[in-house]
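Everything on this sheet refers to the single structure shown next.
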Amino acid sequence: MTTYGFDPAAPSELQSWLVERLAEYLPDLGEAVDPYRQLGEYGLDSIAVVAFAADVEEQLGIAVDPTAIWDYPTVSELAEYLAGELAERRPQAA
Amino acid sequence: MTDIATRADHLEKLLGDPWDADNPAGFAAVVAADEREETAPAAEAALDEFGLLAEFVPRTLGGRLDRVDDMIELMRSVYRRDPALGLARAGQLLAVVNVWTAGAPEQRRASAELLLDNRRIACAFHELAHGNDIAGNEFAARRLGSELILHGRKESIANLDQADALVILARTDPADGPRSHSQLFLPADMLAPGHVRRLPRFRSVGMRGVRLGGMEVTGLPVPDAVLLGSPGTGVETASRAFQVTRMALPAMSTALLDTALRVTLHHTRRRRLYGREAAAIPMVRTTLAEAFTDLLICEALSRAAARALHLCPESGSVHAPAVKYLVAGVLTDAVQRLSTVMGSEFYRRDGEHAVFQKIARDVRPVGFGHIARAACLSALLPQLPGLLGRARRAAAPAPAALFTDEAELPELDLPGLRLVAGGRDPLAASLGTVLDEDLPTAVRPLVEDHVRGFAALCEAGAALRPRELSITAEVPVRELAARYTVSLAAAVCLGVQRTASAGEFLARPEWLLAALTRLAGVERAIPADLPPAVEDALIEELMDRDDRSLSFGLASRPYA
C-alpha cells in the first residue's frame, strides 16, 4: 500500500531519498550527507538512529531495525541493503 | 508444582506469615537483617528449598519459566516481604535473559544447571562512569589468538562476590558505536586472583541486603569460547533481553506498595485519634483509596505488557520503557504519600511497623536501577511519531488476552523481540475504539477525556520534527513520551474492567473510575478527588482483602 515518490528498488533513488531524510535529523549540518561517510561521524546519536530507523520503516513499509543502520553505517550501504530487502518483499506486496 | 496458583501458595507457606514476630523470614527478621546490610538467612533458605531460581529457567531447559506474567506474580511473594531478597534473586534474571536470548546450547545448559542448583549468576554490565549509556562501556576484551584478554572495571554489580558465573558486557572493538561490544559468559573460576582485584562492597541507602560488588581486571586471559552470541552483538542482545527485565523488575516491585499499604492499614485501623479510628479520617481514607487504585493501575499495565511480550512481541521495545517509567513513578509517589498518613511511625526503625521505613528506601531504586526513568523516556521518544501516527490511522481493539484474569499465551520468543516496534502498539491503537465499547455511564466522560487527551497527543506527535527526537530533546517534548505511558495505562484499565467476569471487583465501574481519575491526575499538579461513593467502594474492598489476607493487586490471591 505504501506509495513512494521515487523508485525504491533503485539504490540511487533510495540513496537520494535517505540523504534528504537524514538532513532532517542533522539540523546543524551545513552540507548534504556524504553517502560514503559513516553516519556516526555526523553525530547521529543512538536515539536519533532509532528514530531514523522507525522513520525509514514507516516510509518504506518494511521492517527496519536500528541494527540495519549499525551494520550498514553509510547511506550508500544502507540504500543497497534496503533496496535488496524491498526487492525481496515485492512479490508478496499487494 | 506446575500451576502458578499452587506454586505461589507453596512459596507463601514456606516464607510464612510476615507479621509473626517469631517468623525468621518475617518482617521483624527482615528489618533486623537490613540493619546488618543482609537478607534474612531463613528467608534465603526457604527460597532455596522452593528452588526459586527455577522460575527464571525456561521449561525446555528444565525450569519452570513459561510465562512472564506468572513469574512476576510469584516473585511478588518474595518482594512483599523483603524487596532486597527479591532483587538479589531477580538480579540473576538480568544475566540469564541474555543467555536465553543469544547463548549457545552449552551456555544455556550451564546457566540452567547453575540456577536449578540455587547458585548465582551475576550480570556484570555496569560501569559507574557510563550509567545507562552502555555503548560507552570501557571494560575491554581484546583478542589475542584464540584467547580474549580482559581489562577494566565493573562496578555496583549485584551478587558479584557470590557468583558462580558472570555475564559480562565487554568492548571488543575500540571504535565507537553499538557494534563495539560483545557479551561474555564466564565461569567465576576463570577470575584468576592474580588478574582480578575485588573492589570493596558498594553501600546503598535502600536494598541494603543486595551485595553490590565490583572488580578491577588486569590482563586476564580467557578462552574465546566465553563469547555469548557473535562478536559485536552485545548491545543488540541486551536490547532484546532487557525488554523482559525492564518491565518485570518494576512489575515485581508493585509488592512494595502492597506491603506499604498493608502496614499503613495495620497502623491506622488500630490507632485511635480524635475519638475515632485513624483509618476513618477522610484524609487517611482518601490516601488509602488512592494508593489501592495506584497499585491496581501498576499491576494492570505491567500484566498487559508482560503478556504482550508473548502475544505482540513487536511492541516490547515500547512497553518495557513505558512500564518502567510509569510504574516506578506511581509506586514511588504512592509509598511517599502513605508515609504521610503513617505519621512518625514511618520514621521508626523499631516497633511492629519498622518495615515501612525499609520499603520507603527500597522503593527508590525502582526508579533508576537497571535503567533510569529518564532513559526510558529517551527510549520511547524516537518511536513516538510512528506509534502515534499508526494508532491514529489504524485504531483497533486490543487482544482480550492482555486483560483477562486468565489467558492462553503463545511461547515467549526472546530472539524474536524487535529493537523497534515499527509503530505497532495494540494498547495505543485500542484508544481509538474504546468509546465504541459498552461503557459504564459514570465512566464515559472520563474515557472521553482520555481519548481527547490521546488525540491531542497524536496531533503533537505528528508535529514533531526528527531533530527534536535525539538525546537533546527538550523537556516539553520528553513530556509527550510520559503522556504516552499514561494513555497506555488508561487503555489497559479499560480493558481489564471490560473483560472482568461479572460479580468480580474488577468488573465494577468504581475502580475504573478511580483509575482513570488518578491517571488524568498524573499530568496535573493537583489530581481530582475521587467521588465519595467510589472511595467507599475501594475502601470496603481494601479492608475486606486486608481482613482476609488477600493480595491488594489484580490477582487478589491468598497471602500467608
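In the C-alpha cells, chains take the letters A, B, ... in the order shown, each chain's residues start at 1, and ligands count up from 1 in the order shown.
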
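Within 8 Å of chain B, and using only C-alpha atoms, the residues found on chain A are A:Glu24, A:Tyr25, A:Leu26, A:Pro27, A:Gly40, A:Asp45, A:Ser46, A:Ile47, A:Ala48, A:Val50, A:Ala51, A:Phe52, A:Ala54, A:Asp55, A:Glu57, A:Glu58, A:Ala63, A:Val64, A:Asp65, A:Pro66, A:Thr67, A:Trp70, A:Asp71.
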
Task: 9 Å contact set for region 116-127 of chain B, only C-alpha atoms, chain neighbours under 4 positions out, as a PyMOL selection string - done: chain B and resi 47-49+51-54+57+62-63+89+91-96+111-112+131-132+134+137-139+153-170+187-188+214+370

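Separating CA of Thr499 (chain B) from CA of Thr404 (chain B) is a distance of 5.6 Å.
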
Task: Residues near Arg548 (chain B), cut-off 9 Å, only C-alpha atoms, skip fewer than 5 positions along chain, as JSON, numbers by chain - done: {"B": [543, 558, 559]}

TODO: Please provide the set of residues having any atom within 12 Å of Tyr42 (chain A), restricted to only C-alpha atoms, with same-chain residues fewer than 5 positions apart removed, written as a PyMOL selection string.
DONE: chain A and resi 22-23+25-37+48-49+73-75

May I have the selected residues written with C-alpha atoms, as a short mmCIF file (atom, residue, chain, number, x, y, z; two decimals), in the first residue's frame?
```
data_model
loop_
_atom_site.label_atom_id
_atom_site.label_comp_id
_atom_site.auth_asym_id
_atom_site.auth_seq_id
_atom_site.Cartn_x
_atom_site.Cartn_y
_atom_site.Cartn_z
CA LEU A 22 18.81 12.45 7.13
CA ALA A 23 19.12 16.20 6.72
CA TYR A 25 17.93 14.70 11.74
CA LEU A 26 21.07 16.79 11.41
CA PRO A 27 19.85 20.39 11.52
CA ASP A 28 23.30 21.82 12.17
CA LEU A 29 24.89 20.17 9.17
CA GLY A 30 25.58 22.80 6.54
CA GLU A 31 26.13 20.36 3.69
CA ALA A 32 24.44 17.26 2.27
CA VAL A 33 25.31 13.94 3.93
CA ASP A 34 28.11 12.19 2.06
CA PRO A 35 26.71 8.74 1.13
CA TYR A 36 30.13 7.19 1.69
CA ARG A 37 30.84 8.66 5.10
CA ALA A 48 18.31 9.52 16.69
CA VAL A 49 19.29 6.25 14.99
CA PRO A 73 26.54 2.64 8.55
CA THR A 74 26.81 4.72 5.38
CA VAL A 75 23.92 5.93 3.24
#
```

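Between CA of Phe185 (chain B) and CA of Val99 (chain B) there is a distance of 7.9 Å.
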